[in-house]
Structures are given as structure tokens and as C-alpha cells.
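The structure appears right after this line, and notes come after that.
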Amino acid sequence: MSTFGMTGATLYKDLRMEWRSKDAINSMLFFALLVVVIFSFAFTPTAEESRHIVGGLVWVAFLFAAVVALNQTWARELRNQVLDAYRVSPAPANALFLAKALGNFLFVVVLEALMVPLFVVFYQLRSVGPVWQLLVVALLGTWALVVNGTFFAALSIRTRSREIMLPLILFPISIPALLGMVDATTSILTGEASPDFWIKMLAVYDVVFTSVCLLLFESVLNAE
Amino acid sequence: MKSVFIPFVVLTVGLLAFSTYQALFVAPTEQTMGEVQRIFYYHVPSAWTAGVCFFVNFLASVLYLWKRNAASDALAAASAEVGVMFCTVVLITGPIWARPVWGIWWTWDARLTTTLVLWLIYVSYLVLRRFSSGGQTQVLAAALAVFGFVDVPIVYMSIRWFRTQHPSPVMGGGENSGLDPAMLYVFFWNLLSFTCVGIVLMVIRYRLQMLEEKVEAAHVTAALQGGAR
């Protein structure tokens, strides 16, 4: 089977499992909802103020929620030694990685699509800049979080304190991506600055780290 | 190797004493900043040494991923620890200088923020090393080291843009542009001695790491033989 075929098969399996259990999406959704509610208690901004702060709130909420899903990525494969079976099979390691990353990407995008209306309602949002740019930022930004997150989840699953390890190694590396997402979102919402630099920066970040992930995943998967 | 190392340590101690004396007593006092400027002779060489350590860490990690030998992993571990130590020195001496000169302890300037993020990345590297066990540590750590190193230029680029867009509040002092020759002379002595201190610490830590691995292996062998009996 080709790499694409393997990726497709694994992705299809993951999506089907998620569709039946809805573990990842439910826990992410509820978690993000809690973050939104807590933030809106912590700050009670006016419509004008919220344009300036909501970029930060949205992405911090999505980042925290994504960690919940990312932690479950590989835990599922540890049961019944599925990961070991995968390692001895001739299937390319990167097909597995891509499938997992794409799966997480879809979960987080669905989460974002469901959460954005809530943010709009709770923070009385109305964008000054063009909304389609927000979509570009969201897609690039989500991939930036998810591709590294999937990789680091594979690292942290092998450590002693599994769930705690992921944010500890993911957040420092993700700082520039997060900065890009937050600043681009704020620039678009307020219409005060052009988000072009940040969109390019996120694209570079995505390309660079997707390459690094694909280069190193096989070594990490086979680490003894 | 050992016969070279001891004289090198002695030389480093001598160098450090000489350059400290130079920095505190010989170097001319800066006109506007006064005595506090002398922290520059520790701050910048520490930053340089931290940079060298992180670069060694990256090279050793790539070498480990390629060759899978214990020596390069030990070097990676040693250089990361020493690098974090020097980076901490940078982050502490910086604000001490900034407070009287800029009037604030901290500003989210490109270089300051990049150093802080660098520190965070390598602390997370050390945490990962600590929390993983067995033979996996080396590969996982080496992979993270590559990510960390690749991230640094992106961090710097993004934060520079972030700060050039928004004017920073207090940036009066700036960096010493065009250093006095007398100061430059002292600075280079300090640069040399700090680099030597970094090398000495890395070598000591590297040896310790190799010894730890030997002890670990000896324990495993003993346990296996005990089980067979």
C-alpha cells in the first residue's frame, strides 16, 4: 500500500473511532467552553476592548483544548500494543504520523468552528478587517499547533509523566506560532495593521516544522 | 586527554581571575551609565557561552541521531545543562543592568524575549531528559533539541517584527555602539575566560554523564547475572 493509502486508511480508522466515541471532541469542547466562560468572568470587556484581547483569548483557549485531544492521540494505540504492531509492520512511519496529524487537525478545526460563534456572542465581536483572512490564519495556525503537538505527544507518551509532559515541551516551541496567530487575529479584528507578515511567518513555521517532524518521526517511533 | 585537561582548568582559573580583575579595576568607567556598566563584561560573555553550548547541543544531537553513540548523547546533555546555566546568568544580570540604565527591569524587546524563550526551550529539554527513562531518553531528547534549535531563528524574527511594529516604551540606553578600545580589550579577555569556563564545565559534566551511564549499565548487568543464578 502506498504512503497515501496508508495515511488514508489510518485517518479513516481514527475518524471512525472518534465518530463513534466522540471522546476527543467532547472533552475539547467542554474544556474550551469552560475557558471561554472563565475568561469572560475574569475580564468583562466592552465590544471595542474585546477586539483587542479576544485574539489572545481565542488562541489560548484553543491551544489548551488542543492539548486535551493531542494527549489522546497515541494513548489509544498503546492499548493492545497497536503501536508495537505498527512498528514491526512494513508501513511507512510518516504515513502514520500524517494520519494522526491530519486527524487532530480536523478535530481542532471542528472545535474552532463550534466555538467561534460562542466567542462572537459572549464578546460581542464584529471584525473590522476582512473575515476571510481570519480563516487563513485559523487554518495555518491550527496546523502549526497540531503538527508539533502530534509529534510531541509521541515523545511525551514515552515519558513517565505522560499527560503533563506534552504542554511542557509543546508550549515553548509554539511561542512564535502563538504570537503569530494572536497578533494576526488582533490585526484583522481591529483592522489597524496588516496581518501579511504573520500569515507568511505562520506559513514558514508550518513548512519548517512539518519537514522536521517528517524527518524525525521514524526515529522517535522506533526509539527503544 | 586527562593530561591536557588539568593544565587547562588551571589556565582557566587564572584567566578568570585576570579578566575579573580587568573588568572590575582596569576597564574605564562608562561615562553615562557609571559602574553598573561593568556587568557588561559578564553579561555578554555569558550570552556568547550559552549560545556556544546550545550550538554544541544541536550538533551533538544531530550526531546522535546519525551515529547513535553514547558519547554524543552525553555531550548533548552536558552542553544543554551548562547552556541553561549561562543563559540563567544572562537573564539575571540583564535586569540588574537594565533597572538603573533603562529604568525598568524588563522589556519585551526582541533580544530579551528571544533569550527568555531560548531558556524556556532548553529547560523543557532538561525536563524531558529527566522524565524519560531507559534507552528512549537519548532519541527523544535529540529530536527535541533539533526542534528547539530550528525554533530560535523563527522566534527572533517574529519577536523583532512584533516589537518593531509597536514602539517600545523605554529604550534610551541601547547597546554600546562603538566600544572604547580599552573596554574592548577587557571584553575580549572576559569572552575568552567565559568560553574556557564553559568548556571546562561541559567536559566535567560530560565525564559525569559517561560515568553515570557506566554505573547504570553495571547495575543492569549485575541484576541480570543475579537473576540467572
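Quick note on naming: the chains in the C-alpha cells go A, B, ... in the order shown, residues restart at 1 in each chain, and ligands are numbered from 1 in order of appearance.
The part of chain B that reaches within 7 Å of chain A is made up of Val117, Leu120, Ile121, Ser124, Phe131, Ser132, Ser133, Gly135, Gln136, Val139, Leu140, Ala143, Gly148, Asp151, Ile154, Val155 and Ser158 of chain B, counting only C-alpha atoms.
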Go through range 17-92 of chain B and collect every residue that DSSP, computed from the backbone, puts in alpha helix (DSSP H); the answer should be as a PyMOL selection string. chain B and resi 17-21+40-67+70-92
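Taking only C-alpha atoms into account, Ala110 in chain B lies nearest to B:Tyr156 out of the set B:Phe86, B:Phe149, B:Tyr156, B:Tyr42.
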If you count only C-alpha atoms, which residues fall within 9 Å of Leu178 in chain A, apart from same-chain ones fewer than 4 positions away, as a PyMOL selection string? chain A and resi 56+59-60+63+141+144-145+171+174+182-183
Could you give me, as a ChimeraX atom specification, the residues within 9 Å of Val147 in chain A, counting only C-alpha atoms and dropping anything in the same chain fewer than 6 positions from it? /A:97-98,100-102,104-105,206,209-210,213
Could those residues be written to a file, using C-alpha atoms, as a CSV table (one decimal), in the first residue's frame?
```
chain,number,residue,atom,x,y,z
A,97,PHE,CA,2.3,10.5,11.6
A,98,LEU,CA,0.5,12.3,8.8
A,100,LYS,CA,-2.6,11.3,13.2
A,101,ALA,CA,-1.7,15.0,12.5
A,102,LEU,CA,-4.5,15.3,9.9
A,104,ASN,CA,-6.0,16.1,15.1
A,105,PHE,CA,-6.2,19.0,12.6
A,206,ASP,CA,4.3,25.2,9.1
A,209,PHE,CA,8.2,22.1,11.4
A,210,THR,CA,6.3,19.8,9.1
A,213,CYS,CA,8.5,16.3,12.1
```
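Proximity ranking of B:Leu59, B:Leu65, B:Ala47, B:Ile104 relative to Leu116 in chain B places B:Ala47 first, based on only C-alpha atoms.
Every protein, DNA or RNA residue with an atom at most 9 Å from range 210-216 of chain B, where only C-alpha atoms count and chain neighbours fewer than 3 positions away do not, is listed here: Ala70, Ala71, Ala74, Arg205, Tyr206, Arg207, His219, Val220 and Thr221 of chain B.
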For the residues selected in the previous step, produce a file with C-alpha atoms as an mmCIF file, in the first residue's frame.
```cif
data_model
loop_
_atom_site.group_PDB
_atom_site.id
_atom_site.type_symbol
_atom_site.label_atom_id
_atom_site.label_comp_id
_atom_site.auth_asym_id
_atom_site.auth_seq_id
_atom_site.Cartn_x
_atom_site.Cartn_y
_atom_site.Cartn_z
ATOM 1 C CA ALA B 70 26.609 7.300 23.864
ATOM 2 C CA ALA B 71 29.355 9.926 23.690
ATOM 3 C CA ALA B 74 26.413 12.671 26.861
ATOM 4 C CA ARG B 205 29.601 17.260 33.070
ATOM 5 C CA TYR B 206 30.272 15.075 30.037
ATOM 6 C CA ARG B 207 32.547 12.795 32.051
ATOM 7 C CA HIS B 219 23.623 -2.246 37.662
ATOM 8 C CA VAL B 220 21.766 -3.820 34.773
ATOM 9 C CA THR B 221 24.481 -6.427 34.259
#
```
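When CA of Val207 in chain A is paired with CA of Thr115 in chain B, their separation reads 24.0 Å.
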Excluding same-chain residues fewer than 3 positions from Ala99 in chain A, what lies within 7 Å of it counting only C-alpha atoms, as a PyMOL selection string? chain A and resi 7-8+10-11+95-96+102-103
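When only C-alpha atoms are used to measure the gap to Val131 in chain A, the shortest distance among A:Val110, A:Met17, A:Leu189, A:Val82 belongs to A:Leu189.
Between CA of Ala61 in chain A and CA of Val35 in chain A lies a distance of 5.9 Å.
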